[in-house]
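Q: Have a look at this one before I ask anything.
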Amino acid sequence: MADMTQRTEFDPLATGGKGRQRRARLTVYGLLGLFAAIYLMPAVIIFLNTLRPLEEIVRQGFISWPGSMSLHHWSEAWSSFCIGGTCEGVSRYFTNSLLMAVPATALSTALGLVNGYVLSKWRFRGDAWVFGVITLGVFLPAQMTLLPWAFVLGKLGLSNTISGLVLVHTVQGVSFTTLFCRNYFLNVPDDLIKAARIDGAGFWRIFRRIILPLSPPILIVTVIWQFTGIWNEFLFGTVFTSGANQPITSAIVAFSGSGTGERHYNVEAASVIMAALPPLFIYLVGGKYFVRGLTQGAVK
Amino acid sequence: MPPERASVPIYRRLAGMTPQMVLVPTILASVIYVVLFSLWTIWISLSQSTLLPDMTYSGFDAYFTLWQSKRWTVAFTNLFVFGTLYVLGALAMGTLLAILIDQRVRFEAFWRTIFLYPLAVSFIVTGTVWRWIFHPQTGVELALKDLGWIGAKFDWISDRDMALYVVVFTAIWHASGFAMALILAGLRSVDSDLIKAAQIDGASMPRIYRRVVLPTIWPIFVAVAVVLLQFAIKTYDLVVALTQGGPGVATTVPAIVVYDLMFQRGQIAEGAAAAVMILLGLVCVLIPYGLWSSWRQRKEGGKHG
Amino acid sequence: MSTLEINDLRKSFGAVEVLKNINLSARSGEFVALVGPSGCGKSTLLSMIAGLESVSSGEIRIDGHLVNDEAPKDRDIAMVFQSYALYPTMSVRQNMTFGMECRGIAKSEQEREIQRVATMLQITPLLDRKPGQLSGGQRQRVAMGRALVRDPKMFLFDEPLSNLDAKLRIEMRSEIKKLHQNVGKTTIYVTHDQIEAMTLATRIAVMNKGVLQQYDTPDEIYRRPANMFVAGFMGSPTMNFLNATVVQGRMLRLEGAEGVLLPLPENAEVADGRSVVLGVRPEHFSPLVARRSVRKGLKSVPIRAFIEMLEPTGAETILMGRVAGQQVVLTCEPDEAPTENVEAEFEIDMDRVCLFDPDTQVRL
């Protein structure tokens with residue numbers, strides 16, 4: 001599917017009489033503004049509450065303009081907030097998530113690139129079957145794999161470790177990355193590969209010199225997609241790890257899910273924003289590629 | 001095979017196998033992951049396992065127990081209600097936003113970024129934040145009271161009859177940007193000559209969208225609906241963070257039942273049976289869609305060839 | 001300098017046999033054109049020579065050496081693709097040196113080769129550009145440059161001109177011809193354009209449905225096509241096929257209402273009463289008024305043709321009409337052309353006609 005390029009020849013708002021135009025424009029921007037407010041509201045509310053003193057939140061709730069503000073809760077959330085018995089803040093879980101998401105993204109993307117290259121450019125008998133089995137992994141619900149994974153991770157001595165989560169996410173992620181990369185490489189002309197073979201290049205040289213230099217668009221899409229997905233994942237993290245080894249999503253549920261004890265809403269809000277920041281940052285920086293990945297992932 | 005084939009040196013034949021060799025790890029992993037793990041879970045669901053795996057065959061006992069449990073039937077009904085409202089809601093909202101943005105508005109990227117950002121945020125964060133907003137002790141109700149409306153009451157999240165709609169609302173907030181992005185891409189792919197022709201025919205903009213543009217991109221609606229249905233069937237994190245399936249079992253969905261049976265109640269076989277049911281649900285959505293889209297491709301291919 | 005020999009070559013994809021028993025040989029320095037309609041197997045044959053497709057049976061020899069199972073890089077060939085297949089991420093210079101780089105040739109040598117070829121093709125100013133910044137003609141030159149730098153044994157061209165516009169195509173055609181005359185490498189050139197084949201090749205291989213129909217010099221192919229397919233494929237407008245019967249020993253009677261009688265060509269050996277197909281090229285009709293046969297001292301016979309439509313192309317005029325009720329296409333000089341819907345007299349140059357067997361379609 002094409003990118004969302006502007007249609008230049010056609011401007012529906014520029015048709016009809018002046019008055020009608022103005023009214024139409026007002027309606028469109030009015031509605032857009034209203035919806036934008038609804039979409040942005042939670043983010044604004046949560047951000048403001050990281051700055052407010054606790055007793056003010058308890059008294060007035062989340063939806064209220066801050067009386068006084070302080071950045072103090074951010075540092076508390078990062079380094080000294082108590083979650084599940086340990087008082088190291090979310091920094092620990094943030095690091096866990098990084099240690100999980102970065103290697104798993106790198107591994108699954110690297111494998112996906114090579115797999116996609118083979119499955120699109122080095123056709124062999126039965127390649128359609130191989131591709132089929134690999135892509136089935138995209139649709140397999142996680143619930144079907146929980147018990148086997150628990151057993152396998154136990155046998156490998158990876159229960160309750162970040163490495164175990166890296167393994168799980170890599171295996172699951174390869175399905176996605178292979179699908180993305182193969183579909184992208186199908187658009188690379190076969191003649192390039194033939195020309196390179198006649199020039200004397202082998203399997204790996206063609207990959208390095210022809211395919212990799214053409215890959216940045218799909219590479220960015222895949223990395224964004226994988227990193228966001230793995231960072232935001234919750235079920236595997238919660239089933240296969242516990243306590244101090246959990247990724248940040250599980251940690252958030254751990255402190256906010258239980259209704260017992262005194263709540264530190266402002267610190268919790270700051271922690272929640274920290275958990276959301278890495279994918280949001282990637283989304284804001286690479287928005288174009290994020291949308292491209294979405295369209296590819298959904299329609300293929 | 002001609003005789004000269006046999007004389008190919010082994011090293012050269014091995015070199016010719018490089019592409020296949022490279023795939024071996026992935027094939028192994030995928031076969032284990034997709035085939036073996038699925039069979040394994042299915043097998044557990046047919047066994048007598050409870051807290052620990054016990055591979056004695058016991059037929060479909062676990063499935064009977066599952067379908068007799070109130071929790072599961074409620075979860076299943078919830079999924080139907082939630083899935084339907086969620087898919088329709090996200091599609092409607094996505095279409096509306098896409099059409100608004102399609103009016104050649106200024107700062108298009110800005111609007112798009114706002115509507116799509118929830119998708120980059122995890123279900124856990126989404127659920128946590130909206131729980132605070134919906135919760136009577138921290139959210140809207142308290143704010144209204146604070147404004148002076150002492151009798152204000154907004155406690156859907158803790159109301160058995162309304163809690164599910166809170167989940168639906170939050171899920172739509174999360175996914176409508178996704179629908180918008182895909183539908184917008186579809187709108188942009190419509191031949192602009194078509195719209196010009198309709199304008200010359202004297203159709204108003206709403207009519208052009210209703211009669212000309214949207215009908216030409218209906219396959220995109222099907223594709224988006226299928227993806228959303230998939231999300232709906234797999235929904236887990238959002239409910240955990242938002243309502244934990246409560247109050248009571250009011251917002252419990254199948255994925256939550258699976259987790260509880262497997263890891264809280266020590267009913268592995270029953271949990272596996274529930275997981276298999278989720279898989280079946282996905283199969284019921286994806287196989288018809290796959291068949292339909294390949295049929296459509298063949299038809300289109302035939303038209304052009 | 002090197003030779004190419006292809007013996008009993010076959011290729012099948014599953015149950016479909018796309019090449020059937022091809023025998024072909026090219027002498028050193030020869031320019032062989034593989035020509036035929038799309039799907040005739042010519043590109044598959046080229047890919048097999050290049051080593052990009054495996055051989056089902058038979059043999060391919062370069063310089064007498066069996067290369068069936070050799071990888072493309074070991075065959076020492078160069079190829080120019082229809083899509084040019086320039087590496088989009090590399091500069092023109094890198095595109096041209098990539099082959100030498102793969103073979104571990106020293107940088108200084110690479111640079112020398114680049115300079116030589118770039119000068120020859122006049123692409124020196126383009127060396128640091130990316131393929132995306134080049135025009136179609138420039139890409140075509142770079143693709144040829146990439147083939148030339150390694151000084152390979154043999155050049156393979158896969159419809160290299162078909163992506164160019166008409167004017168550029170003719171320019172590049174003569175450049176390829178010049179290049180071949182200068183470099184003198186054995187060249188195999190696939191095209192579906194019979195004019196390209198006629199103008200460039202020293203020998204033409206005409207293929208249809210995986211079978212080699214005829215392999216001969218352009219002149220022989222044009223004058224003495226092996227069968228009706230070759231006769232019809234080579235030449236434009238295409239050759240006229242008229243149904244006729246041999247009568248009175250030395251005469252041909254055209255089938256149709258009027259039953260026109262023509263003398264048999266001198267060397268034809270056909271039995272009385274036999275049906276044949278008479279093949280006459282459009283330019284071998286000439287208006288009687290032009291007196292071409294008298295001027296050129298040709299042996300010709302006059303016939304009457306009813307002209308239904310004229311298509312002037314400028315240099316010549318194409319006439320569509322009927323002879324003895326059978327559809328014919330003729331060409332003549334514009335000032336000699338009759339008007340539409342008249343019956344005009346033409347001479348047929350009987351020394352140039354061909355006779356075919358109507359069943360086997362082979363030339364008699």
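Just remember, in the structure tokens the first chain shown is A, the second B, etc., residues are 1-based per chain, and ligands are 1-based in the order shown.
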I'd like the neighbourhood of segment 147-163 of chain C as JSON, numbers by chain, where a residue qualifies if any of its atoms comes within 9 Å (using only C-alpha atoms), though same-chain residues fewer than 6 positions away should be ignored.
A: {"A": [199], "C": [1, 2, 3, 4, 29, 43, 46, 47, 49, 50, 62, 75, 76, 77, 78, 79, 80, 81, 82, 83, 84, 96, 97, 99, 100, 110, 113, 114, 116, 117, 118, 136, 140, 169, 170, 172, 173, 185, 186, 187, 188, 189, 190, 191, 192, 193]}
Q: What are the nearest atom pairs, with distances in Å to one decimal, for all residues of chain A that come at most 6 Å from chain C, using only C-alpha atoms, set out by chain and rising residue number as a Markdown table?
A:
```
| residue | atom | partner | partner_atom | distance |
| --- | --- | --- | --- | --- |
| A:Asp191 | CA | C:Ala85 | CA | 5.4 |
| A:Leu192 | CA | C:Ala85 | CA | 4.8 |
| A:Ile198 | CA | C:Pro72 | CA | 5.0 |
| A:Asp199 | CA | C:Gly99 | CA | 4.1 |
| A:Gly200 | CA | C:Lys73 | CA | 4.2 |
| A:Ala201 | CA | C:Cys102 | CA | 5.7 |
```
Q: Which residue gives the smallest distance to Leu140 of chain A among A:Trp225, A:Tyr117, A:Tyr283, A:Phe176, with only C-alpha atoms counted?
A: A:Phe176
Q: Using only C-alpha atoms, select each residue of chain C with any atom at most 9 Å away from an atom of chain B, and give the selection as a VMD selection string.
A: chain C and resid 56 to 58 68 to 70
Q: Quick one: everything within 6 Å of Glu347 of chain C, counting only C-alpha atoms, minus sequence neighbours fewer than 2 positions away in the same chain. Send it as a list in words.
A: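 Counting only the stated atoms, we get Phe285, Ser286, Leu288, Ser300, Val301 and Pro302 of chain C.
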Q: Step one, run DSSP on the backbone; step two, keep only residues of segment 68-269 of chain C assigned to strand (DSSP E or B); then write them as a PyMOL selection string.
A: chain C and resi 77-80+154-158+186-191+203-208+211-216+227+240-247+251-254+261-263
Q: May I have the residues from that selection written out with N, CA and C atoms, as a CSV table (one decimal), in the first residue's frame?
A:
```csv
chain,number,residue,atom,x,y,z
C,77,ILE,N,31.6,-14.7,-18.3
C,77,ILE,CA,30.7,-14.1,-19.2
C,77,ILE,C,30.3,-12.8,-18.7
C,78,ALA,N,29.7,-11.9,-19.5
C,78,ALA,CA,29.1,-10.7,-19.0
C,78,ALA,C,27.7,-10.6,-19.6
C,79,MET,N,26.8,-9.9,-18.9
C,79,MET,CA,25.4,-9.9,-19.4
C,79,MET,C,24.8,-8.5,-19.2
C,80,VAL,N,24.0,-8.1,-20.2
C,80,VAL,CA,23.3,-6.8,-20.2
C,80,VAL,C,21.8,-7.2,-20.1
C,154,MET,N,32.7,-13.7,-23.3
C,154,MET,CA,31.5,-13.7,-24.1
C,154,MET,C,30.5,-12.7,-23.6
C,155,PHE,N,29.7,-12.0,-24.4
C,155,PHE,CA,28.7,-11.1,-24.0
C,155,PHE,C,27.3,-11.7,-24.2
C,156,LEU,N,26.5,-11.5,-23.2
C,156,LEU,CA,25.1,-11.9,-23.4
C,156,LEU,C,24.2,-10.7,-23.2
C,157,PHE,N,23.3,-10.5,-24.2
C,157,PHE,CA,22.4,-9.4,-24.1
C,157,PHE,C,21.0,-9.9,-24.0
C,158,ASP,N,20.2,-9.5,-23.0
C,158,ASP,CA,18.8,-9.9,-22.9
C,158,ASP,C,17.9,-8.7,-23.2
C,186,THR,N,32.6,-12.7,-28.9
C,186,THR,CA,31.4,-13.6,-29.2
C,186,THR,C,30.2,-13.0,-28.5
C,187,THR,N,29.1,-12.8,-29.1
C,187,THR,CA,28.0,-12.2,-28.5
C,187,THR,C,26.7,-13.0,-28.8
C,188,ILE,N,25.9,-13.2,-27.7
C,188,ILE,CA,24.6,-13.8,-27.9
C,188,ILE,C,23.6,-12.7,-27.5
C,189,TYR,N,22.6,-12.5,-28.4
C,189,TYR,CA,21.8,-11.3,-28.2
C,189,TYR,C,20.3,-11.8,-28.4
C,190,VAL,N,19.6,-11.6,-27.3
C,190,VAL,CA,18.2,-12.1,-27.3
C,190,VAL,C,17.3,-10.8,-27.7
C,191,THR,N,16.4,-11.0,-28.6
C,191,THR,CA,15.5,-9.9,-28.9
C,191,THR,C,14.2,-10.5,-29.5
C,203,ARG,N,24.7,-14.3,-37.4
C,203,ARG,CA,23.7,-15.4,-37.6
C,203,ARG,C,22.5,-15.2,-36.7
C,204,ILE,N,21.4,-15.6,-37.2
C,204,ILE,CA,20.2,-15.5,-36.4
C,204,ILE,C,19.6,-16.9,-36.1
C,205,ALA,N,19.2,-17.1,-34.9
C,205,ALA,CA,18.5,-18.3,-34.5
C,205,ALA,C,17.1,-18.0,-34.2
C,206,VAL,N,16.2,-18.4,-35.1
C,206,VAL,CA,14.8,-18.1,-34.9
C,206,VAL,C,14.2,-19.3,-34.1
C,207,MET,N,13.5,-18.9,-33.0
C,207,MET,CA,12.9,-19.9,-32.1
C,207,MET,C,11.4,-19.8,-32.0
C,208,ASN,N,10.7,-20.9,-31.8
C,208,ASN,CA,9.3,-20.9,-31.6
C,208,ASN,C,8.9,-22.1,-30.7
C,211,VAL,N,11.5,-24.7,-29.8
C,211,VAL,CA,12.2,-25.4,-30.9
C,211,VAL,C,12.9,-24.4,-31.7
C,212,LEU,N,14.2,-24.7,-32.0
C,212,LEU,CA,15.0,-23.9,-32.9
C,212,LEU,C,14.5,-24.1,-34.3
C,213,GLN,N,13.9,-23.1,-35.0
C,213,GLN,CA,13.3,-23.2,-36.3
C,213,GLN,C,14.4,-23.2,-37.4
C,214,GLN,N,15.3,-22.2,-37.3
C,214,GLN,CA,16.3,-22.0,-38.3
C,214,GLN,C,17.5,-21.3,-37.7
C,215,TYR,N,18.7,-21.6,-38.1
C,215,TYR,CA,19.8,-20.9,-37.6
C,215,TYR,C,20.7,-20.6,-38.8
C,216,ASP,N,20.8,-19.4,-39.3
C,216,ASP,CA,21.5,-19.1,-40.5
C,216,ASP,C,21.8,-17.6,-40.5
C,227,ASN,N,10.7,-22.4,-42.9
C,227,ASN,CA,9.3,-22.8,-42.8
C,227,ASN,C,8.5,-21.6,-42.8
C,240,ASN,N,3.2,-12.6,-47.4
C,240,ASN,CA,1.8,-13.1,-47.8
C,240,ASN,C,1.8,-14.6,-48.1
C,241,PHE,N,0.9,-15.3,-47.6
C,241,PHE,CA,0.7,-16.7,-47.9
C,241,PHE,C,-0.5,-16.9,-48.7
C,242,LEU,N,-0.3,-17.5,-49.9
C,242,LEU,CA,-1.5,-17.6,-50.8
C,242,LEU,C,-1.6,-19.1,-51.1
C,243,ASN,N,-2.8,-19.6,-51.0
C,243,ASN,CA,-3.0,-21.1,-51.3
C,243,ASN,C,-3.1,-21.3,-52.8
C,244,ALA,N,-2.4,-22.3,-53.3
C,244,ALA,CA,-2.3,-22.5,-54.7
C,244,ALA,C,-2.2,-24.0,-55.0
C,245,THR,N,-2.4,-24.4,-56.3
C,245,THR,CA,-2.3,-25.8,-56.7
C,245,THR,C,-1.4,-25.8,-58.0
C,246,VAL,N,-0.5,-26.9,-58.0
C,246,VAL,CA,0.3,-27.0,-59.2
C,246,VAL,C,-0.5,-27.6,-60.3
C,247,VAL,N,-0.5,-27.0,-61.5
C,247,VAL,CA,-1.3,-27.5,-62.6
C,247,VAL,C,-0.4,-27.5,-63.9
C,251,MET,N,2.9,-24.9,-63.9
C,251,MET,CA,2.1,-23.7,-63.6
C,251,MET,C,1.5,-23.8,-62.2
C,252,LEU,N,1.2,-22.6,-61.5
C,252,LEU,CA,0.6,-22.6,-60.2
C,252,LEU,C,-0.8,-21.9,-60.4
C,253,ARG,N,-1.8,-22.5,-59.9
C,253,ARG,CA,-3.1,-21.8,-60.0
C,253,ARG,C,-3.5,-21.3,-58.6
C,254,LEU,N,-3.6,-20.0,-58.4
C,254,LEU,CA,-4.0,-19.5,-57.1
C,254,LEU,C,-5.5,-19.8,-56.9
C,261,LEU,N,-3.3,-17.9,-63.0
C,261,LEU,CA,-2.2,-18.8,-63.3
C,261,LEU,C,-0.9,-18.1,-63.2
C,262,LEU,N,0.1,-18.7,-62.5
C,262,LEU,CA,1.4,-18.2,-62.4
C,262,LEU,C,2.4,-19.3,-62.8
C,263,PRO,N,3.6,-18.9,-63.4
C,263,PRO,CA,4.6,-19.9,-63.6
C,263,PRO,C,5.3,-20.3,-62.4
```
Q: Point out the residue among B:Val74, B:Ile44, B:Phe231, B:Phe110 with the least atom-to-atom distance to Gly248 of chain B, counting only C-alpha atoms.
A: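 Nearest candidate to Gly248 of chain B out of B:Val74, B:Ile44, B:Phe231, B:Phe110: B:Val74.
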Q: Select all residues from chain A having any atom no more than 6 Å from an atom of chain B (counting only C-alpha atoms, ignoring ligands), output as a PDB file with C-alpha atoms, in the first residue's frame.
A:
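Output contents, as saved in result_15.pdb:
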```pdb
ATOM      1  CA  MET A   4      -0.212   8.587   2.653  1.00  0.00           C
ATOM      2  CA  VAL A  28     -13.894  19.822  10.040  1.00  0.00           C
ATOM      3  CA  GLY A  61      -8.677  13.255  42.138  1.00  0.00           C
ATOM      4  CA  PHE A  62      -6.667  13.146  38.939  1.00  0.00           C
ATOM      5  CA  ILE A  63      -8.780  15.549  36.948  1.00  0.00           C
ATOM      6  CA  VAL A 118      16.425 -16.456   1.137  1.00  0.00           C
ATOM      7  CA  ILE A 134       6.978 -19.443   9.703  1.00  0.00           C
ATOM      8  CA  GLY A 137       3.670 -18.094  14.089  1.00  0.00           C
ATOM      9  CA  GLN A 143      -1.888 -18.848  25.294  1.00  0.00           C
ATOM     10  CA  MET A 144      -1.168 -21.903  23.146  1.00  0.00           C
ATOM     11  CA  THR A 145       2.541 -21.665  23.889  1.00  0.00           C
ATOM     12  CA  PRO A 148       5.374 -25.597  26.488  1.00  0.00           C
ATOM     13  CA  ASN A 232       4.830  -3.354  25.539  1.00  0.00           C
ATOM     14  CA  ALA A 276       5.327   4.456  27.978  1.00  0.00           C
ATOM     15  CA  PRO A 279       7.849   3.325  22.400  1.00  0.00           C
ATOM     16  CA  LEU A 280       6.316   6.812  22.310  1.00  0.00           C
TER      17      LEU A 280
END
```
Q: Segment 89-196 of chain A near segment 235-247 of chain A within 8 Å: what's each residue's closest atom pair and its distance in Å to one decimal, counting only C-alpha atoms, ordered by chain then ascending residue number, as CSV?
A:
```
residue,atom,partner,partner_atom,distance
A:Arg92,CA,A:Ala244,CA,7.5
A:Tyr93,CA,A:Pro247,CA,5.2
A:Phe94,CA,A:Pro247,CA,6.9
A:Asn96,CA,A:Pro247,CA,5.3
A:Ser97,CA,A:Pro247,CA,4.7
A:Met100,CA,A:Pro247,CA,7.8
A:Leu146,CA,A:Phe236,CA,7.7
A:Ala150,CA,A:Phe240,CA,6.8
A:Ser159,CA,A:Phe240,CA,6.2
A:Asn160,CA,A:Thr241,CA,4.0
A:Thr161,CA,A:Thr241,CA,6.4
A:Ile162,CA,A:Asn245,CA,6.7
A:Gly164,CA,A:Phe240,CA,7.8
A:Leu165,CA,A:Gly237,CA,6.9
```
Q: Please, could you write that set of residues out with N, CA and C atoms as an mmCIF file, in the first residue's frame?
A:
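Below you can see selection19.cif, which holds the result:
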```cif
data_model
loop_
_atom_site.group_PDB
_atom_site.id
_atom_site.type_symbol
_atom_site.label_atom_id
_atom_site.label_comp_id
_atom_site.auth_asym_id
_atom_site.auth_seq_id
_atom_site.Cartn_x
_atom_site.Cartn_y
_atom_site.Cartn_z
ATOM 1 N N ARG A 92 15.100 -0.248 37.727
ATOM 2 C CA ARG A 92 15.471 -1.654 37.618
ATOM 3 C C ARG A 92 14.658 -2.351 36.523
ATOM 4 N N TYR A 93 13.342 -2.119 36.531
ATOM 5 C CA TYR A 93 12.464 -2.791 35.571
ATOM 6 C C TYR A 93 12.624 -2.205 34.163
ATOM 7 N N PHE A 94 12.915 -0.897 34.164
ATOM 8 C CA PHE A 94 13.203 -0.242 32.890
ATOM 9 C C PHE A 94 14.419 -0.902 32.246
ATOM 10 N N ASN A 96 15.517 -3.914 32.898
ATOM 11 C CA ASN A 96 15.107 -5.266 32.487
ATOM 12 C C ASN A 96 14.461 -5.242 31.107
ATOM 13 N N SER A 97 13.540 -4.295 30.922
ATOM 14 C CA SER A 97 12.836 -4.227 29.642
ATOM 15 C C SER A 97 13.804 -3.933 28.511
ATOM 16 N N MET A 100 15.762 -6.907 27.668
ATOM 17 C CA MET A 100 14.938 -7.889 26.969
ATOM 18 C C MET A 100 14.673 -7.420 25.530
ATOM 19 N N LEU A 146 2.117 -21.069 26.212
ATOM 20 C CA LEU A 146 2.568 -20.774 27.583
ATOM 21 C C LEU A 146 3.135 -21.996 28.290
ATOM 22 N N ALA A 150 7.009 -22.696 29.290
ATOM 23 C CA ALA A 150 7.383 -22.824 30.691
ATOM 24 C C ALA A 150 8.247 -24.064 30.902
ATOM 25 N N SER A 159 14.265 -20.218 33.377
ATOM 26 C CA SER A 159 13.077 -19.730 34.074
ATOM 27 C C SER A 159 13.442 -18.490 34.867
ATOM 28 N N ASN A 160 12.537 -17.536 34.884
ATOM 29 C CA ASN A 160 12.736 -16.304 35.637
ATOM 30 C C ASN A 160 14.044 -15.593 35.290
ATOM 31 N N THR A 161 14.391 -15.592 33.988
ATOM 32 C CA THR A 161 15.564 -14.816 33.570
ATOM 33 C C THR A 161 15.171 -13.935 32.390
ATOM 34 N N ILE A 162 15.910 -12.858 32.239
ATOM 35 C CA ILE A 162 15.696 -11.991 31.086
ATOM 36 C C ILE A 162 16.061 -12.741 29.803
ATOM 37 N N GLY A 164 15.638 -15.777 29.127
ATOM 38 C CA GLY A 164 14.502 -16.598 28.726
ATOM 39 C C GLY A 164 13.504 -15.785 27.924
ATOM 40 N N LEU A 165 13.213 -14.568 28.382
ATOM 41 C CA LEU A 165 12.272 -13.711 27.653
ATOM 42 C C LEU A 165 12.838 -13.330 26.290
#
```
Q: Which is closer to Ser158 of chain B than all the others in B:Leu194, B:Tyr209, B:Gly246, B:Ile200, using only C-alpha atoms?
A: B:Gly246
Q: Give the alpha helix (DSSP H) residues of segment 9-112 of chain A, as assigned by DSSP on the backbone, as a ChimeraX atom specification.
A: /A:18-51,54-60,72-79,91-112
Q: Check the smallest atom-to-atom distance from each of B:Leu229, B:Asp260, B:Ile150, B:Thr252 to Ala75 of chain B using only C-alpha atoms, then report the winner.
A: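 Answer, going by the shortest atom-to-atom distance: B:Thr252.
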Q: Residues at most 10 Å from segment 65-69 of chain A, counting only C-alpha atoms, excluding those fewer than 5 positions away in the same chain, as a PyMOL selection string?
A: chain A and resi 45+48-53+56-57+60
Q: Please produce a file of the residues just selected, as a compact mmCIF listing (two decimals), in the first residue's frame, where the atoms kept are C-alpha atoms.
A:
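Done, and the output landed in selection-v9.txt:
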```txt
# COMPACT_ATOMS: atom_id res chain seq x y z
CA ILE A 45 -3.83 14.39 32.97
CA LEU A 48 0.19 16.94 35.34
CA ASN A 49 -0.39 14.49 38.16
CA THR A 50 3.30 13.56 38.24
CA LEU A 51 3.89 17.13 39.39
CA ARG A 52 1.18 17.40 42.05
CA PRO A 53 1.56 16.63 45.76
CA GLU A 56 -3.93 17.13 46.56
CA ILE A 57 -4.54 14.14 44.27
CA GLN A 60 -9.34 16.31 44.29
```
Q: For a test of reading the model, state the distance in Å between atom CA of Arg22 of chain A and atom CA of Thr216 of chain B, rounded to one decimal.
A: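 Answer for the atom CA of Arg22 of chain A to atom CA of Thr216 of chain B separation: 28.8 Å.
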